[in-house]
Amino acid sequence: MSEKTIDSTLSEQRVFQPPASFSVKARIGSLAEYQKLRAAAAADPAGFWAALARSEIDWHKDFSVALDAGKAPHYAWFTDGVLNVSYNCLDRHLARRADKTAIIFEGENGDTRRLSYADVHRQVCLFANALKAKGIGKGDRVVIYMPMVPEAVVAMQACARIGAIHSVVFGGFSAESLKDRIEDAGATAVITADGGTRGGKVVELKAACDRALAKGCKTVETVIVLKRAGNAVAMQAGRDHWWADTVRGQAEHCDPVWVESEHPLYLLYTSGSTGKPKGIQHASGGYLLGALVTMKWVFDIQDADIFWCTADVGWVTGHSYVAYGPLAAGATLLMYEGAPTVPDAGRFWDICARHKVTIFYTAPTAIRALMKLGEEFPNKYDLSALRLLGTVGEPINPEAWMWYHRVIGKERCPIVDTWWQTETGMIMLAPVPGAVPTKPGSCTLPLPGIDADVVDEQGTSVTDPNQGGQLVIKQPWPSMLRTIWGNEQRYRDTYWAKFSGRYYVAGDTARRDADGYFWIMGRADDVIKVSGHRLGTMEIESALVAHPRVAEAAVVSRPDDIKGEAVFAFVVTKGERPRNDSARALTDELRAWVSQQIGPIAKPDDIRYAENLPKTRSGKIMRRLLRAIARGEPITQDISTLENEDIVKQLQGER
Ligand code: 7RM
């Protein structure tokens, strides 16, 4: 995050009260009500969550222990309770909502489908039985590599139904990334599709899956392939099966497998400070509770709502607010497979108008991109059904917030800026829309039961308004991650070590203003957000140095008007430093290489070549200097220790 952005949010003074028309109908309709909930939670956090767990979740067997902190920092919630997440998302709605639409689907080329709760339940049962027939059961890991179609949700729910642990890999990741995740999880099955569609092009998922499996993945016995895009695929006899064939003849009934509350529901790989993504492990009961209560608190979900979260199921947002939260709440959710600009920049608003979307949740990068293309697009559509707007994934700049508020929300819809992480499982900091006034660029206040704070390097609360510090969570919460799959030490080191196990360390820096509102300033580690996609700079560096011509690489980010952050790489090649045409050719090659190694989302936007990277005397790359150079800022660092000052000129692209 640049100084400039920090300054611009620092001077933000606007405050927007919840519209009275919204508050009167809201689940939590006043500041007093919200504060009462927060006070109750603060007085007895475990009791507060236990009461909610009992009122919100259908337990097969009730629990007697709310929070078990005996193995901290591995906290366990509702430990002796027994439940099934899929039962809570589907079966329990059948009595009253069997015919209610659960999923409205629209594809890029306009194909639409509506699935009722009874339909989704039936499909989940069929597919769960198909998985069982392939020998997949409780505790087995299943990798899901699919486009944004209802079957992706069906696959996740079917895993949950039989106690299998799913790990969804975003369809934009490469074969190489898929392979790493399959191997780390030790998955025995992969569920994929022939291909997905985006921007008129077919993303060949099965082909990527074949390349991944050809390179290793020895644990995989079964591959199930949904026919979606219609592209030709190779099927390996014995291993690969068409989805339609696996469900044919299966029973439409499948008893849920009752699991203990702490049974892992899923793994989701996410980037951190090292080259290797980590498998964030979530538990069943606590995660479900978090996804469900935030649907109510933050999205004020009501029976008549049409809820559209644009996130892909490959990201945590697509887990909590597509695959689980909305269904647990018995809501109608919308899924769209395709680009926001096909056939033109009005697509999102066209979908909102045609399907009468009432709650719309997207990323700042999408808002900025659509904002740039002009108001005439949204202005063509009737957006009057919208009542609430949300954002997630990165800080939203006040200008984009105001555009969202004025052009999309017609100054009538509250905006919920929601801060959370793959690790937190649920939204943590966000306005409760009928209660908490909003400020453009701030995620406002913690939700009930969330003890968030900003602390200094000693772990002491920062009390001066607008003083930056580390964002920490001081009490465990039910949907928190349980560990990093297969790497207990990394779990402790990454999230707990900094303040000796006292607080969960989010990895973000933040400040609080005089009203106690939180403003996220940026990451404290080497994680960046490019178009809302979480990437590790070290991950991109390892991909670059894996190229035969690269000796050394350093990756930093620079601000980007639309993407939020852009990837900037400094590269030292083996042999002579490329210049002019040879530099341009190598840049094209390295961009394609990173695409292949990680995925197109990680492609460097800029690459500069130097004979060396600037290092401190102890040999550490001077990242702050590189960041300044990437941003075109004047250099204030002491560079007198550099052996070759010419390097700086090379890095600046001047020679
Ligand atoms: C949900 C998600 C997590 C990181 C997080 C932040 C950044 C997310 C906001 C935000 C400012 C927000 N999970 N982040 N939401 N920054 N305001 N409302 O994005 O695991 O992929 O990323 O994203 O840095 O630590 S994630």
# chains A, B, ... in the order shown; residues from 1 in each chain; ligands from 1

$ residues_near_ligand --ligand "ligand 1" --cutoff "8 Å" --atoms "only C-alpha atoms and all ligand atoms" --output "ChimeraX atom specification"
/A:270-271,315-317,391-396,417-423,427,429-430,441-443,506-508,519-523,527-529,532-534

$ write_last_selection --atoms "C-alpha atoms" --output "mmCIF file, in the first residue's frame"
data_model
loop_
_atom_site.group_PDB
_atom_site.id
_atom_site.type_symbol
_atom_site.label_atom_id
_atom_site.label_comp_id
_atom_site.auth_asym_id
_atom_site.auth_seq_id
_atom_site.Cartn_x
_atom_site.Cartn_y
_atom_site.Cartn_z
ATOM 1 C CA THR A 270 -3.325 -19.866 0.075
ATOM 2 C CA SER A 271 -0.157 -17.867 -0.421
ATOM 3 C CA TRP A 315 -11.271 -18.622 -3.241
ATOM 4 C CA VAL A 316 -12.443 -18.562 0.343
ATOM 5 C CA THR A 317 -15.115 -16.000 -0.508
ATOM 6 C CA THR A 391 -16.838 -5.467 -1.167
ATOM 7 C CA VAL A 392 -14.021 -7.799 -0.204
ATOM 8 C CA GLY A 393 -10.471 -8.770 -0.956
ATOM 9 C CA GLU A 394 -8.480 -5.570 -0.747
ATOM 10 C CA PRO A 395 -8.861 -2.015 0.462
ATOM 11 C CA ILE A 396 -11.396 -0.015 -1.524
ATOM 12 C CA ASP A 417 -16.656 -3.306 3.245
ATOM 13 C CA THR A 418 -15.770 -6.707 4.677
ATOM 14 C CA TRP A 419 -12.305 -7.536 5.980
ATOM 15 C CA TRP A 420 -11.432 -11.172 6.464
ATOM 16 C CA GLN A 421 -9.062 -13.888 5.261
ATOM 17 C CA THR A 422 -8.883 -17.473 4.082
ATOM 18 C CA GLU A 423 -7.689 -18.169 7.602
ATOM 19 C CA ILE A 427 -16.091 -11.876 7.784
ATOM 20 C CA LEU A 429 -14.543 -6.551 10.424
ATOM 21 C CA ALA A 430 -17.504 -5.013 8.630
ATOM 22 C CA GLY A 441 -12.480 3.119 2.686
ATOM 23 C CA SER A 442 -13.006 1.749 6.194
ATOM 24 C CA CYS A 443 -14.186 -1.758 7.068
ATOM 25 C CA ALA A 506 -3.403 -11.451 10.629
ATOM 26 C CA GLY A 507 -0.375 -10.230 8.674
ATOM 27 C CA ASP A 508 -2.081 -6.920 7.853
ATOM 28 C CA TRP A 519 -8.654 1.161 8.248
ATOM 29 C CA ILE A 520 -6.565 -1.578 6.652
ATOM 30 C CA MET A 521 -3.229 -0.151 5.494
ATOM 31 C CA GLY A 522 -1.660 -3.151 3.754
ATOM 32 C CA ARG A 523 0.210 -6.366 4.344
ATOM 33 C CA VAL A 527 1.690 -11.278 0.343
ATOM 34 C CA ILE A 528 0.162 -9.141 -2.407
ATOM 35 C CA LYS A 529 -3.328 -8.830 -3.847
ATOM 36 C CA GLY A 532 -8.138 -9.434 -5.400
ATOM 37 C CA HIS A 533 -6.170 -12.653 -5.953
ATOM 38 C CA ARG A 534 -3.832 -13.463 -3.122
#

$ residues_around --residues "Trp477 of chain A" --least-positions-apart "2" --cutoff "10 Å" --atoms "only C-alpha atoms" --output "compact mmCIF listing (two decimals) with N, CA, C and O atoms, in the first residue's frame"
# COMPACT_ATOMS: atom_id res chain seq x y z
N PRO A 45 -17.39 -14.81 25.79
CA PRO A 45 -17.24 -15.19 24.37
C PRO A 45 -17.68 -16.63 24.09
O PRO A 45 -18.46 -16.86 23.16
N ALA A 46 -17.21 -17.58 24.87
CA ALA A 46 -17.53 -18.98 24.57
C ALA A 46 -19.03 -19.23 24.72
O ALA A 46 -19.64 -19.93 23.92
N TRP A 49 -20.95 -17.75 21.70
CA TRP A 49 -20.89 -18.58 20.49
C TRP A 49 -21.66 -19.89 20.68
O TRP A 49 -22.27 -20.41 19.74
N LEU A 67 -15.78 -24.23 23.98
CA LEU A 67 -14.43 -23.95 23.49
C LEU A 67 -13.43 -24.76 24.29
O LEU A 67 -13.43 -24.71 25.52
N TYR A 75 -7.27 -24.27 18.75
CA TYR A 75 -8.52 -24.15 19.49
C TYR A 75 -9.55 -25.07 18.87
O TYR A 75 -9.58 -25.25 17.65
N ALA A 76 -10.38 -25.66 19.72
CA ALA A 76 -11.43 -26.56 19.22
C ALA A 76 -12.78 -26.04 19.72
O ALA A 76 -12.89 -25.58 20.86
N TRP A 77 -13.78 -26.10 18.85
CA TRP A 77 -15.11 -25.56 19.18
C TRP A 77 -16.17 -26.64 19.13
O TRP A 77 -16.20 -27.44 18.21
N GLY A 286 -17.63 -25.13 13.62
CA GLY A 286 -17.28 -23.73 13.82
C GLY A 286 -17.33 -22.95 12.53
O GLY A 286 -17.83 -21.81 12.47
N TYR A 287 -16.86 -23.55 11.46
CA TYR A 287 -16.86 -22.87 10.16
C TYR A 287 -18.29 -22.60 9.70
O TYR A 287 -18.63 -21.49 9.27
N GLY A 290 -19.78 -19.70 11.52
CA GLY A 290 -19.25 -18.41 11.08
C GLY A 290 -19.84 -17.97 9.76
O GLY A 290 -20.25 -16.81 9.59
N THR A 424 -9.52 -16.79 8.43
CA THR A 424 -10.56 -16.45 9.43
C THR A 424 -11.88 -17.16 9.12
O THR A 424 -12.73 -17.25 10.00
N GLY A 425 -12.04 -17.61 7.88
CA GLY A 425 -13.24 -18.37 7.52
C GLY A 425 -14.49 -17.54 7.34
O GLY A 425 -15.35 -17.88 6.55
N MET A 426 -14.62 -16.50 8.11
CA MET A 426 -15.80 -15.64 8.04
C MET A 426 -15.39 -14.18 8.08
O MET A 426 -14.26 -13.85 8.45
N MET A 428 -14.84 -10.68 9.49
CA MET A 428 -14.45 -10.33 10.85
C MET A 428 -14.73 -8.86 11.17
O MET A 428 -15.21 -8.52 12.24
N GLY A 449 -18.33 -10.78 19.01
CA GLY A 449 -17.53 -11.96 19.29
C GLY A 449 -16.13 -11.91 18.71
O GLY A 449 -15.33 -12.81 18.91
N ILE A 450 -15.84 -10.85 17.96
CA ILE A 450 -14.51 -10.71 17.35
C ILE A 450 -13.73 -9.64 18.09
O ILE A 450 -14.08 -8.46 18.08
N ASP A 451 -12.67 -10.07 18.76
CA ASP A 451 -11.88 -9.17 19.58
C ASP A 451 -10.65 -8.71 18.78
O ASP A 451 -9.55 -9.23 18.95
N ILE A 473 -6.14 -10.59 16.40
CA ILE A 473 -7.41 -11.01 16.99
C ILE A 473 -7.05 -11.66 18.32
O ILE A 473 -6.24 -12.58 18.37
N LYS A 474 -7.67 -11.15 19.39
CA LYS A 474 -7.21 -11.52 20.73
C LYS A 474 -7.98 -12.66 21.39
O LYS A 474 -7.61 -13.10 22.47
N GLN A 475 -9.06 -13.08 20.78
CA GLN A 475 -9.80 -14.22 21.31
C GLN A 475 -10.07 -15.18 20.16
O GLN A 475 -10.32 -14.74 19.03
N SER A 479 -14.85 -20.00 13.49
CA SER A 479 -14.49 -20.35 12.11
C SER A 479 -13.02 -20.13 11.82
O SER A 479 -12.61 -20.12 10.66
N MET A 480 -12.21 -19.97 12.86
CA MET A 480 -10.78 -19.78 12.64
C MET A 480 -10.16 -21.04 12.04
O MET A 480 -10.68 -22.14 12.21
N LEU A 481 -9.04 -20.86 11.33
CA LEU A 481 -8.34 -22.04 10.82
C LEU A 481 -7.90 -22.90 11.99
O LEU A 481 -7.68 -22.41 13.10

$ residues_around --residues "segment 464-469 of chain A" --least-positions-apart "2" --cutoff "8 Å" --atoms "only C-alpha atoms" --output "PyMOL selection string"
chain A and resi 10+454-457+462+471+509-514+516+521

$ write_last_selection --atoms "N, CA, C and O atoms" --output "tab-separated table (two decimals), in the first residue's frame"
chain	number	residue	atom	x	y	z
A	10	LEU	N	-6.66	8.69	5.05
A	10	LEU	CA	-6.50	9.43	6.31
A	10	LEU	C	-7.34	10.70	6.32
A	10	LEU	O	-7.84	11.12	7.35
A	454	VAL	N	-5.37	-3.27	17.20
A	454	VAL	CA	-4.15	-2.87	16.50
A	454	VAL	C	-3.09	-2.72	17.58
A	454	VAL	O	-3.31	-2.02	18.57
A	455	VAL	N	-1.97	-3.43	17.42
A	455	VAL	CA	-0.94	-3.42	18.47
A	455	VAL	C	0.41	-3.01	17.89
A	455	VAL	O	0.65	-3.13	16.69
A	456	ASP	N	1.30	-2.56	18.79
A	456	ASP	CA	2.65	-2.21	18.35
A	456	ASP	C	3.53	-3.47	18.37
A	456	ASP	O	3.05	-4.57	18.64
A	457	GLU	N	4.81	-3.29	18.11
A	457	GLU	CA	5.70	-4.45	17.98
A	457	GLU	C	5.84	-5.24	19.29
A	457	GLU	O	6.25	-6.39	19.28
A	462	VAL	N	-2.39	-0.05	20.40
A	462	VAL	CA	-2.07	1.30	19.96
A	462	VAL	C	-3.27	2.17	20.32
A	462	VAL	O	-4.39	1.90	19.88
A	471	LEU	N	-2.51	-5.76	12.88
A	471	LEU	CA	-3.89	-6.18	13.14
A	471	LEU	C	-3.86	-7.57	13.78
A	471	LEU	O	-3.28	-8.50	13.21
A	509	THR	N	-1.39	-4.65	8.30
A	509	THR	CA	-1.24	-3.50	9.17
A	509	THR	C	-2.52	-2.67	9.08
A	509	THR	O	-3.21	-2.70	8.06
A	510	ALA	N	-2.84	-2.02	10.16
A	510	ALA	CA	-4.10	-1.27	10.20
A	510	ALA	C	-3.95	-0.11	11.18
A	510	ALA	O	-3.00	-0.03	11.96
A	511	ARG	N	-4.89	0.82	11.10
A	511	ARG	CA	-4.97	1.88	12.10
A	511	ARG	C	-6.42	2.02	12.50
A	511	ARG	O	-7.32	1.53	11.80
A	512	ARG	N	-6.64	2.66	13.64
A	512	ARG	CA	-8.01	2.96	14.05
A	512	ARG	C	-8.16	4.46	14.20
A	512	ARG	O	-7.27	5.12	14.75
A	513	ASP	N	-9.29	4.99	13.73
A	513	ASP	CA	-9.47	6.43	13.83
A	513	ASP	C	-10.08	6.78	15.19
A	513	ASP	O	-10.27	5.91	16.04
A	514	ALA	N	-10.40	8.05	15.37
A	514	ALA	CA	-10.88	8.51	16.67
A	514	ALA	C	-12.21	7.84	17.07
A	514	ALA	O	-12.55	7.76	18.25
A	516	GLY	N	-12.74	4.71	16.55
A	516	GLY	CA	-12.47	3.28	16.71
A	516	GLY	C	-12.63	2.49	15.42
A	516	GLY	O	-12.55	1.26	15.42
A	521	MET	N	-4.27	-0.91	6.20
A	521	MET	CA	-3.23	-0.15	5.49
A	521	MET	C	-2.50	-1.00	4.46
A	521	MET	O	-2.02	-0.50	3.46

$ closest_residue --among "A:Asp194, A:Thr483, A:Asp638, A:Ala133" --to "Arg248 of chain A" --atoms "only C-alpha atoms"
A:Ala133

$ select_by_dssp --residues "segment 94-318 of chain A" --states "helix (DSSP H, G or I)" --output "VMD selection string"
chain A and resid 94 to 97 117 to 133 150 to 162 175 to 185 205 to 214 243 to 247 284 to 297 316 to 318

$ write_last_selection --atoms "C-alpha atoms" --output "PDB file, in the first residue's frame"
ATOM      1  CA  LEU A  94     -36.674 -29.323   2.668  1.00  0.00           C
ATOM      2  CA  ALA A  95     -39.678 -29.147   4.955  1.00  0.00           C
ATOM      3  CA  ARG A  96     -40.351 -25.470   4.219  1.00  0.00           C
ATOM      4  CA  ARG A  97     -38.253 -24.591   1.188  1.00  0.00           C
ATOM      5  CA  TYR A 117     -33.442 -26.821  -2.738  1.00  0.00           C
ATOM      6  CA  ALA A 118     -34.961 -30.210  -3.619  1.00  0.00           C
ATOM      7  CA  ASP A 119     -32.928 -30.248  -6.877  1.00  0.00           C
ATOM      8  CA  VAL A 120     -29.647 -29.421  -5.182  1.00  0.00           C
ATOM      9  CA  HIS A 121     -30.347 -31.931  -2.449  1.00  0.00           C
ATOM     10  CA  ARG A 122     -31.056 -34.618  -5.049  1.00  0.00           C
ATOM     11  CA  GLN A 123     -27.918 -33.834  -7.038  1.00  0.00           C
ATOM     12  CA  VAL A 124     -25.765 -33.775  -3.933  1.00  0.00           C
ATOM     13  CA  CYS A 125     -27.124 -37.149  -2.826  1.00  0.00           C
ATOM     14  CA  LEU A 126     -26.560 -38.682  -6.268  1.00  0.00           C
ATOM     15  CA  PHE A 127     -23.033 -37.372  -6.459  1.00  0.00           C
ATOM     16  CA  ALA A 128     -22.243 -38.326  -2.863  1.00  0.00           C
ATOM     17  CA  ASN A 129     -23.329 -41.869  -3.702  1.00  0.00           C
ATOM     18  CA  ALA A 130     -21.147 -41.747  -6.822  1.00  0.00           C
ATOM     19  CA  LEU A 131     -18.148 -40.742  -4.689  1.00  0.00           C
ATOM     20  CA  LYS A 132     -18.874 -43.535  -2.242  1.00  0.00           C
ATOM     21  CA  ALA A 133     -19.089 -46.008  -5.130  1.00  0.00           C
ATOM     22  CA  PRO A 150     -23.616 -25.350  -9.854  1.00  0.00           C
ATOM     23  CA  GLU A 151     -21.868 -28.724 -10.009  1.00  0.00           C
ATOM     24  CA  ALA A 152     -18.862 -27.164  -8.273  1.00  0.00           C
ATOM     25  CA  VAL A 153     -21.118 -26.433  -5.293  1.00  0.00           C
ATOM     26  CA  VAL A 154     -22.715 -29.874  -5.631  1.00  0.00           C
ATOM     27  CA  ALA A 155     -19.262 -31.467  -5.516  1.00  0.00           C
ATOM     28  CA  MET A 156     -18.287 -29.520  -2.395  1.00  0.00           C
ATOM     29  CA  GLN A 157     -21.562 -30.319  -0.660  1.00  0.00           C
ATOM     30  CA  ALA A 158     -21.293 -33.993  -1.651  1.00  0.00           C
ATOM     31  CA  CYS A 159     -17.846 -34.202  -0.044  1.00  0.00           C
ATOM     32  CA  ALA A 160     -19.217 -32.582   3.090  1.00  0.00           C
ATOM     33  CA  ARG A 161     -22.100 -35.053   3.069  1.00  0.00           C
ATOM     34  CA  ILE A 162     -19.797 -38.083   3.267  1.00  0.00           C
ATOM     35  CA  ALA A 175      -1.186 -27.671 -13.979  1.00  0.00           C
ATOM     36  CA  GLU A 176       1.954 -27.143 -11.915  1.00  0.00           C
ATOM     37  CA  SER A 177       0.059 -25.415  -9.084  1.00  0.00           C
ATOM     38  CA  LEU A 178      -2.657 -28.057  -9.233  1.00  0.00           C
ATOM     39  CA  LYS A 179      -0.066 -30.804  -8.914  1.00  0.00           C
ATOM     40  CA  ASP A 180       1.558 -29.181  -5.855  1.00  0.00           C
ATOM     41  CA  ARG A 181      -1.820 -28.924  -4.132  1.00  0.00           C
ATOM     42  CA  ILE A 182      -2.910 -32.473  -4.996  1.00  0.00           C
ATOM     43  CA  GLU A 183       0.373 -33.820  -3.664  1.00  0.00           C
ATOM     44  CA  ASP A 184       0.417 -31.754  -0.490  1.00  0.00           C
ATOM     45  CA  ALA A 185      -3.148 -32.802   0.313  1.00  0.00           C
ATOM     46  CA  LEU A 205      -9.287 -27.853 -17.135  1.00  0.00           C
ATOM     47  CA  LYS A 206      -9.134 -31.570 -17.893  1.00  0.00           C
ATOM     48  CA  ALA A 207      -6.016 -31.104 -20.036  1.00  0.00           C
ATOM     49  CA  ALA A 208      -4.326 -29.212 -17.186  1.00  0.00           C
ATOM     50  CA  CYS A 209      -5.395 -31.961 -14.813  1.00  0.00           C
ATOM     51  CA  ASP A 210      -3.841 -34.577 -17.125  1.00  0.00           C
ATOM     52  CA  ARG A 211      -0.554 -32.645 -17.166  1.00  0.00           C
ATOM     53  CA  ALA A 212      -0.592 -32.439 -13.375  1.00  0.00           C
ATOM     54  CA  LEU A 213      -1.232 -36.156 -12.984  1.00  0.00           C
ATOM     55  CA  ALA A 214       1.428 -37.030 -15.558  1.00  0.00           C
ATOM     56  CA  TRP A 243     -19.729 -37.204 -14.091  1.00  0.00           C
ATOM     57  CA  ALA A 244     -22.957 -38.267 -15.829  1.00  0.00           C
ATOM     58  CA  ASP A 245     -21.843 -41.902 -15.845  1.00  0.00           C
ATOM     59  CA  THR A 246     -20.884 -41.892 -12.184  1.00  0.00           C
ATOM     60  CA  VAL A 247     -24.318 -40.705 -11.036  1.00  0.00           C
ATOM     61  CA  SER A 284     -17.013 -28.391  10.309  1.00  0.00           C
ATOM     62  CA  GLY A 285     -19.124 -26.951  13.140  1.00  0.00           C
ATOM     63  CA  GLY A 286     -17.284 -23.728  13.819  1.00  0.00           C
ATOM     64  CA  TYR A 287     -16.859 -22.869  10.156  1.00  0.00           C
ATOM     65  CA  LEU A 288     -20.520 -23.450   9.381  1.00  0.00           C
ATOM     66  CA  LEU A 289     -21.538 -21.218  12.258  1.00  0.00           C
ATOM     67  CA  GLY A 290     -19.248 -18.411  11.083  1.00  0.00           C
ATOM     68  CA  ALA A 291     -20.457 -18.550   7.483  1.00  0.00           C
ATOM     69  CA  LEU A 292     -24.083 -18.611   8.577  1.00  0.00           C
ATOM     70  CA  VAL A 293     -24.134 -15.885  11.243  1.00  0.00           C
ATOM     71  CA  THR A 294     -22.262 -13.483   8.977  1.00  0.00           C
ATOM     72  CA  MET A 295     -24.886 -14.047   6.258  1.00  0.00           C
ATOM     73  CA  LYS A 296     -27.335 -12.709   8.832  1.00  0.00           C
ATOM     74  CA  TRP A 297     -25.253  -9.990  10.495  1.00  0.00           C
ATOM     75  CA  VAL A 316     -12.443 -18.562   0.343  1.00  0.00           C
ATOM     76  CA  THR A 317     -15.115 -16.000  -0.508  1.00  0.00           C
ATOM     77  CA  GLY A 318     -16.615 -18.565  -2.857  1.00  0.00           C
TER      78      GLY A 318
END

$ residues_around --residues "Val168 of chain A" --least-positions-apart "5" --cutoff "7 Å" --atoms "only C-alpha atoms" --output "VMD selection string"
chain A and resid 143 to 145 268 314

$ atom_distance --atom1 "atom CA of Ala366 of chain A" --atom2 "atom CA of Tyr324 of chain A"
23.0 Å

$ atom_distance --atom1 "atom CA of Glu654 of chain A" --atom2 "atom CA of Asp588 of chain A"
20.1 Å

$ closest_atom_pairs --of "segment 232-337 of chain A" --to "segment 14-27 of chain A" --cutoff "10 Å" --atoms "only C-alpha atoms" --output "Markdown table"
| residue | atom | partner | partner_atom | distance |
| --- | --- | --- | --- | --- |
| A:Lys296 | CA | A:Arg27 | CA | 7.2 |
| A:Trp297 | CA | A:Arg27 | CA | 7.3 |
| A:Val298 | CA | A:Arg27 | CA | 9.7 |
| A:Phe299 | CA | A:Arg27 | CA | 9.5 |
| A:Asp300 | CA | A:Arg27 | CA | 5.9 |
| A:Ile301 | CA | A:Arg27 | CA | 8.3 |
| A:Gln302 | CA | A:Arg27 | CA | 8.5 |

$ residues_around --residues "Leu625 of chain A" --least-positions-apart "6" --cutoff "10 Å" --atoms "only C-alpha atoms" --output "MDAnalysis selection string"
chainID A and resid 614:615 631 633:639 648

$ write_last_selection --atoms "C-alpha atoms" --output "PDB file, in the first residue's frame"
ATOM      1  CA  PRO A 614      20.788  -4.579  -4.307  1.00  0.00           C
ATOM      2  CA  LYS A 615      21.683  -6.310  -1.043  1.00  0.00           C
ATOM      3  CA  ARG A 631       6.864   2.930  -7.834  1.00  0.00           C
ATOM      4  CA  GLU A 633       9.710   7.131  -6.187  1.00  0.00           C
ATOM      5  CA  PRO A 634      12.882   8.986  -5.246  1.00  0.00           C
ATOM      6  CA  ILE A 635      15.376   6.828  -3.403  1.00  0.00           C
ATOM      7  CA  THR A 636      15.778   7.732   0.244  1.00  0.00           C
ATOM      8  CA  GLN A 637      17.531   4.535   1.361  1.00  0.00           C
ATOM      9  CA  ASP A 638      21.229   4.456   2.072  1.00  0.00           C
ATOM     10  CA  ILE A 639      22.759   2.833  -0.996  1.00  0.00           C
ATOM     11  CA  VAL A 648      20.354   1.245  -9.279  1.00  0.00           C
TER      12      VAL A 648
END
